[in-house]
Amino acid sequence: MADDSREGPTVESGKAPTEIGTPGSGIDHASRITPTAPMAYALRYASRGLRVMWAPRGMKRPVVKDWPKAATTDPVIVGQWWSEHPDANVCIATGPASGIWVLDVDDKDGHTGSATLAALERQHGGLPLTFTVGTGSGGVHHYFSHAGVDFPLGNSAGRLGDGLDTRGNGGQVVAPPSRADDPSHFMQYVVLLDIDPVPAPAWLLDLLRPKATYPHRTTPPPPADPGARERLAAALRARRGES
């Protein structure tokens, strides 16, 4: 993922990252196209090793046949996809091939993901700072490195408790700057904290691992930027309309 610890771009304004999607960004025909914000973001994710796939505008799942295999980091292919579908949503394939898995904290439709996660953190310890996205429904996606995951980590709903889902091998997540045509998705997906994904804490993986496997311990994540936690908290407060 990222080589820096800068905050994510302000997606709400519709502006794309400035360091990609311009001539010389990696696609052969970049000088002959005007990248849209979705294309620029897709290229940025791909440059960080995250396998991307397009979905029709407003949709949360790809429609390409066998998309888990078709998802790619190839900037030429990515550029071609978004040249043909400039308003398409951006999806990121999760699992070992992308090197990440995602914890989805969901508070919509009566779910209480934030409260469930807070209770787990009080019991086991806080989550480390990692690449974090605000979802269209006001939830949060925590992206964790796949490093140290020594068991099949797939997709689950509620295994960790109400409102906590996982996306791993064979799964995907909608990524900024996408929008979903869903009454419960009233916002654009945005990057809340733009830092490298770090390994998940041992306690979280132990809760997800099959009972027959032995516990493991991950390498502690690198020290975070001292201001990153407050930036993330401020971004979440602003997104939820809290003062």
# chains A, B, ... in the order shown; residues from 1 in each chain; ligands from 1
>>> residues_around(residues="A:Ala233", least_positions_apart="5", cutoff="12 Å", atoms="only C-alpha atoms", output="ChimeraX atom specification")
/A:129,132,134,140,192-193,227-228,238-240,242-243
>>> select_by_dssp(residues="stretch 121-169 of chain A", states="helix (DSSP H, G or I)", output="list in words")
Glu121, Arg122, Gln123 and His124 of chain A
>>> write_last_selection(atoms="all heavy atoms", output="CSV table (one decimal), in the first residue's frame")
chain,number,residue,atom,x,y,z
A,121,GLU,N,-12.9,-4.3,22.2
A,121,GLU,CA,-11.7,-3.6,22.5
A,121,GLU,C,-11.5,-3.4,24.0
A,121,GLU,O,-10.4,-3.4,24.5
A,121,GLU,CB,-11.7,-2.2,21.7
A,121,GLU,CG,-11.5,-2.4,20.2
A,121,GLU,CD,-11.4,-1.0,19.6
A,121,GLU,OE1,-12.4,-0.3,19.6
A,121,GLU,OE2,-10.3,-0.7,19.0
A,122,ARG,N,-12.6,-3.2,24.7
A,122,ARG,CA,-12.4,-3.1,26.2
A,122,ARG,C,-12.0,-4.4,26.8
A,122,ARG,O,-11.2,-4.4,27.7
A,122,ARG,CB,-13.8,-2.7,26.8
A,122,ARG,CG,-14.2,-1.2,26.5
A,122,ARG,CD,-15.3,-0.8,27.4
A,122,ARG,NE,-16.5,-1.6,27.1
A,122,ARG,CZ,-17.4,-1.2,26.2
A,122,ARG,NH1,-17.3,-0.1,25.5
A,122,ARG,NH2,-18.5,-1.9,26.0
A,123,GLN,N,-12.4,-5.5,26.1
A,123,GLN,CA,-12.0,-6.8,26.7
A,123,GLN,C,-10.6,-7.2,26.3
A,123,GLN,O,-9.8,-7.8,27.1
A,123,GLN,CB,-13.0,-7.9,26.2
A,123,GLN,CG,-12.7,-9.3,26.7
A,123,GLN,CD,-13.8,-10.3,26.2
A,123,GLN,OE1,-14.7,-9.9,25.6
A,123,GLN,NE2,-13.6,-11.5,26.6
A,124,HIS,N,-10.2,-6.9,25.0
A,124,HIS,CA,-9.0,-7.4,24.5
A,124,HIS,C,-7.9,-6.4,24.2
A,124,HIS,O,-6.7,-6.8,24.1
A,124,HIS,CB,-9.2,-8.2,23.2
A,124,HIS,CG,-10.2,-9.3,23.3
A,124,HIS,ND1,-9.8,-10.5,23.9
A,124,HIS,CD2,-11.5,-9.5,23.0
A,124,HIS,CE1,-10.9,-11.4,23.8
A,124,HIS,NE2,-11.9,-10.7,23.3
>>> closest_residue(among="A:Leu103, A:Leu50, A:Leu160, A:Leu127", to="A:Tyr143", atoms="only C-alpha atoms")
A:Leu103
>>> residues_around(residues="A:Ser98", least_positions_apart="4", cutoff="10 Å", atoms="only C-alpha atoms", output="count of residues only")
17
>>> residues_around(residues="A:Asp165", least_positions_apart="2", cutoff="10 Å", atoms="only C-alpha atoms", output="NGL selection string")
:A and (102-106 or 113 or 141 or 155-163 or 167)
>>> atom_distance(atom1="atom CA of A:Thr112", atom2="atom CA of A:Leu164")
8.3 Å
>>> select_by_dssp(residues="stretch 52-140 of chain A", states="strand (DSSP E or B)", output="list in words")
Val52, Met53, Trp54, Ala55, Gly58, Thr72, Asn89, Val90, Cys91, Ile92, Ala93, Gly95, Ile100, Trp101, Val102, Leu103, Asp104, Val105, Thr132, Val133, Gly134 and Val140 of chain A
>>> write_last_selection(atoms="all heavy atoms", output="compact mmCIF listing (two decimals), in the first residue's frame")
# COMPACT_ATOMS: atom_id res chain seq x y z
N VAL A 52 -8.01 -4.64 -8.26
CA VAL A 52 -9.27 -3.90 -8.40
C VAL A 52 -10.12 -4.49 -9.51
O VAL A 52 -9.65 -5.21 -10.39
CB VAL A 52 -9.02 -2.40 -8.68
CG1 VAL A 52 -8.28 -1.77 -7.51
CG2 VAL A 52 -8.24 -2.19 -9.98
N MET A 53 -11.40 -4.17 -9.45
CA MET A 53 -12.38 -4.59 -10.44
C MET A 53 -13.47 -3.52 -10.46
O MET A 53 -13.77 -2.92 -9.42
CB MET A 53 -12.97 -5.95 -10.06
CG MET A 53 -14.16 -6.40 -10.89
SD MET A 53 -13.90 -6.40 -12.69
CE MET A 53 -12.65 -7.68 -12.87
N TRP A 54 -14.05 -3.29 -11.63
CA TRP A 54 -15.11 -2.30 -11.73
C TRP A 54 -16.47 -2.93 -11.49
O TRP A 54 -16.68 -4.13 -11.69
CB TRP A 54 -15.08 -1.62 -13.10
CG TRP A 54 -15.45 -2.51 -14.25
CD1 TRP A 54 -14.64 -3.38 -14.92
CD2 TRP A 54 -16.74 -2.63 -14.86
NE1 TRP A 54 -15.32 -4.03 -15.91
CE2 TRP A 54 -16.62 -3.58 -15.90
CE3 TRP A 54 -17.97 -2.01 -14.64
CZ2 TRP A 54 -17.69 -3.93 -16.71
CZ3 TRP A 54 -19.05 -2.36 -15.44
CH2 TRP A 54 -18.90 -3.33 -16.47
N ALA A 55 -17.40 -2.12 -11.03
CA ALA A 55 -18.81 -2.51 -10.91
C ALA A 55 -19.63 -1.38 -11.52
O ALA A 55 -19.24 -0.21 -11.46
CB ALA A 55 -19.20 -2.71 -9.45
N GLY A 58 -23.30 2.71 -9.07
CA GLY A 58 -24.34 2.49 -8.07
C GLY A 58 -24.41 1.08 -7.53
O GLY A 58 -25.12 0.83 -6.55
N THR A 72 -7.36 -7.13 -11.01
CA THR A 72 -5.96 -6.97 -11.41
C THR A 72 -5.33 -5.74 -10.80
O THR A 72 -6.02 -4.82 -10.34
CB THR A 72 -5.89 -6.88 -12.95
OG1 THR A 72 -4.51 -6.86 -13.36
CG2 THR A 72 -6.56 -5.61 -13.45
N ASN A 89 -18.17 2.12 -10.32
CA ASN A 89 -17.67 2.02 -8.95
C ASN A 89 -16.36 1.24 -8.93
O ASN A 89 -16.08 0.44 -9.82
CB ASN A 89 -18.70 1.33 -8.06
CG ASN A 89 -19.75 2.31 -7.53
OD1 ASN A 89 -19.63 3.52 -7.71
ND2 ASN A 89 -20.78 1.77 -6.89
N VAL A 90 -15.60 1.47 -7.88
CA VAL A 90 -14.33 0.77 -7.70
C VAL A 90 -14.49 -0.29 -6.62
O VAL A 90 -14.96 0.01 -5.51
CB VAL A 90 -13.20 1.75 -7.29
CG1 VAL A 90 -11.88 1.01 -7.14
CG2 VAL A 90 -13.09 2.89 -8.29
N CYS A 91 -14.13 -1.52 -6.94
CA CYS A 91 -14.15 -2.61 -5.97
C CYS A 91 -12.74 -3.13 -5.78
O CYS A 91 -11.94 -3.15 -6.73
CB CYS A 91 -15.06 -3.74 -6.44
SG CYS A 91 -16.80 -3.27 -6.64
N ILE A 92 -12.41 -3.55 -4.58
CA ILE A 92 -11.11 -4.13 -4.27
C ILE A 92 -11.31 -5.58 -3.84
O ILE A 92 -12.10 -5.85 -2.92
CB ILE A 92 -10.40 -3.34 -3.15
CG1 ILE A 92 -10.06 -1.92 -3.64
CG2 ILE A 92 -9.13 -4.06 -2.70
CD1 ILE A 92 -9.45 -1.04 -2.56
N ALA A 93 -10.63 -6.49 -4.51
CA ALA A 93 -10.68 -7.90 -4.15
C ALA A 93 -9.85 -8.11 -2.89
O ALA A 93 -8.72 -7.64 -2.79
CB ALA A 93 -10.15 -8.77 -5.28
N GLY A 95 -8.26 -10.71 0.31
CA GLY A 95 -7.63 -12.02 0.43
C GLY A 95 -6.15 -11.99 0.14
O GLY A 95 -5.57 -10.92 -0.09
N ILE A 100 -4.58 -8.24 1.72
CA ILE A 100 -5.37 -7.59 2.77
C ILE A 100 -6.65 -8.36 3.06
O ILE A 100 -7.14 -9.14 2.24
CB ILE A 100 -5.74 -6.14 2.39
CG1 ILE A 100 -6.43 -6.08 1.00
CG2 ILE A 100 -4.53 -5.22 2.40
CD1 ILE A 100 -7.87 -5.72 1.04
N TRP A 101 -7.18 -8.13 4.26
CA TRP A 101 -8.56 -8.51 4.55
C TRP A 101 -9.20 -7.31 5.25
O TRP A 101 -8.50 -6.40 5.70
CB TRP A 101 -8.65 -9.78 5.40
CG TRP A 101 -8.13 -9.66 6.80
CD1 TRP A 101 -6.83 -9.76 7.22
CD2 TRP A 101 -8.91 -9.44 7.98
NE1 TRP A 101 -6.74 -9.61 8.57
CE2 TRP A 101 -8.00 -9.42 9.07
CE3 TRP A 101 -10.27 -9.27 8.24
CZ2 TRP A 101 -8.42 -9.22 10.40
CZ3 TRP A 101 -10.69 -9.09 9.55
CH2 TRP A 101 -9.78 -9.06 10.61
N VAL A 102 -10.53 -7.28 5.31
CA VAL A 102 -11.23 -6.09 5.78
C VAL A 102 -12.22 -6.46 6.89
O VAL A 102 -12.98 -7.42 6.76
CB VAL A 102 -11.97 -5.39 4.62
CG1 VAL A 102 -12.83 -4.25 5.13
CG2 VAL A 102 -10.97 -4.88 3.59
N LEU A 103 -12.17 -5.67 7.96
CA LEU A 103 -13.18 -5.74 9.02
C LEU A 103 -14.21 -4.66 8.74
O LEU A 103 -13.89 -3.47 8.70
CB LEU A 103 -12.54 -5.52 10.39
CG LEU A 103 -13.51 -5.46 11.58
CD1 LEU A 103 -14.21 -6.80 11.79
CD2 LEU A 103 -12.76 -5.04 12.86
N ASP A 104 -15.46 -5.08 8.56
CA ASP A 104 -16.56 -4.18 8.20
C ASP A 104 -17.39 -3.92 9.46
O ASP A 104 -17.98 -4.84 10.02
CB ASP A 104 -17.41 -4.84 7.12
CG ASP A 104 -18.60 -3.99 6.68
OD1 ASP A 104 -18.74 -2.84 7.16
OD2 ASP A 104 -19.38 -4.47 5.85
N VAL A 105 -17.42 -2.67 9.90
CA VAL A 105 -18.19 -2.26 11.08
C VAL A 105 -19.46 -1.60 10.60
O VAL A 105 -19.42 -0.51 10.00
CB VAL A 105 -17.37 -1.31 11.98
CG1 VAL A 105 -18.15 -0.97 13.24
CG2 VAL A 105 -16.02 -1.92 12.33
N THR A 132 -8.13 3.06 6.62
CA THR A 132 -9.52 3.06 7.07
C THR A 132 -10.40 3.83 6.10
O THR A 132 -10.03 4.92 5.64
CB THR A 132 -9.63 3.69 8.47
OG1 THR A 132 -8.70 3.06 9.36
CG2 THR A 132 -11.03 3.51 9.04
N VAL A 133 -11.57 3.28 5.81
CA VAL A 133 -12.51 3.86 4.86
C VAL A 133 -13.86 4.05 5.54
O VAL A 133 -14.32 3.21 6.31
CB VAL A 133 -12.66 2.93 3.63
CG1 VAL A 133 -13.91 3.28 2.81
CG2 VAL A 133 -11.41 3.00 2.76
N GLY A 134 -14.50 5.18 5.24
CA GLY A 134 -15.88 5.40 5.65
C GLY A 134 -16.81 4.90 4.55
O GLY A 134 -16.65 5.27 3.38
N VAL A 140 -17.65 1.66 8.81
CA VAL A 140 -16.21 1.80 8.69
C VAL A 140 -15.62 0.48 8.19
O VAL A 140 -16.02 -0.60 8.64
CB VAL A 140 -15.57 2.17 10.04
CG1 VAL A 140 -14.05 2.26 9.91
CG2 VAL A 140 -16.12 3.49 10.56
>>> atom_distance(atom1="atom CA of A:Ala175", atom2="atom CA of A:Phe144")
14.6 Å
>>> atom_distance(atom1="atom CA of A:Val198", atom2="atom CA of A:Thr116")
21.4 Å
>>> closest_atom_pairs(of="stretch 92-118 of chain A", to="stretch 181-190 of chain A", cutoff="12 Å", atoms="only C-alpha atoms", output="Markdown table")
| residue | atom | partner | partner_atom | distance |
| --- | --- | --- | --- | --- |
| A:Asp106 | CA | A:Ser184 | CA | 11.0 |
| A:Asp107 | CA | A:Ser184 | CA | 10.3 |
| A:Lys108 | CA | A:Ser184 | CA | 7.0 |
| A:Asp109 | CA | A:Ser184 | CA | 7.8 |
| A:Gly110 | CA | A:Ser184 | CA | 11.2 |
>>> closest_residue(among="A:Trp82, A:Phe151, A:Tyr41, A:Phe131", to="A:Leu208", atoms="only C-alpha atoms")
A:Phe151
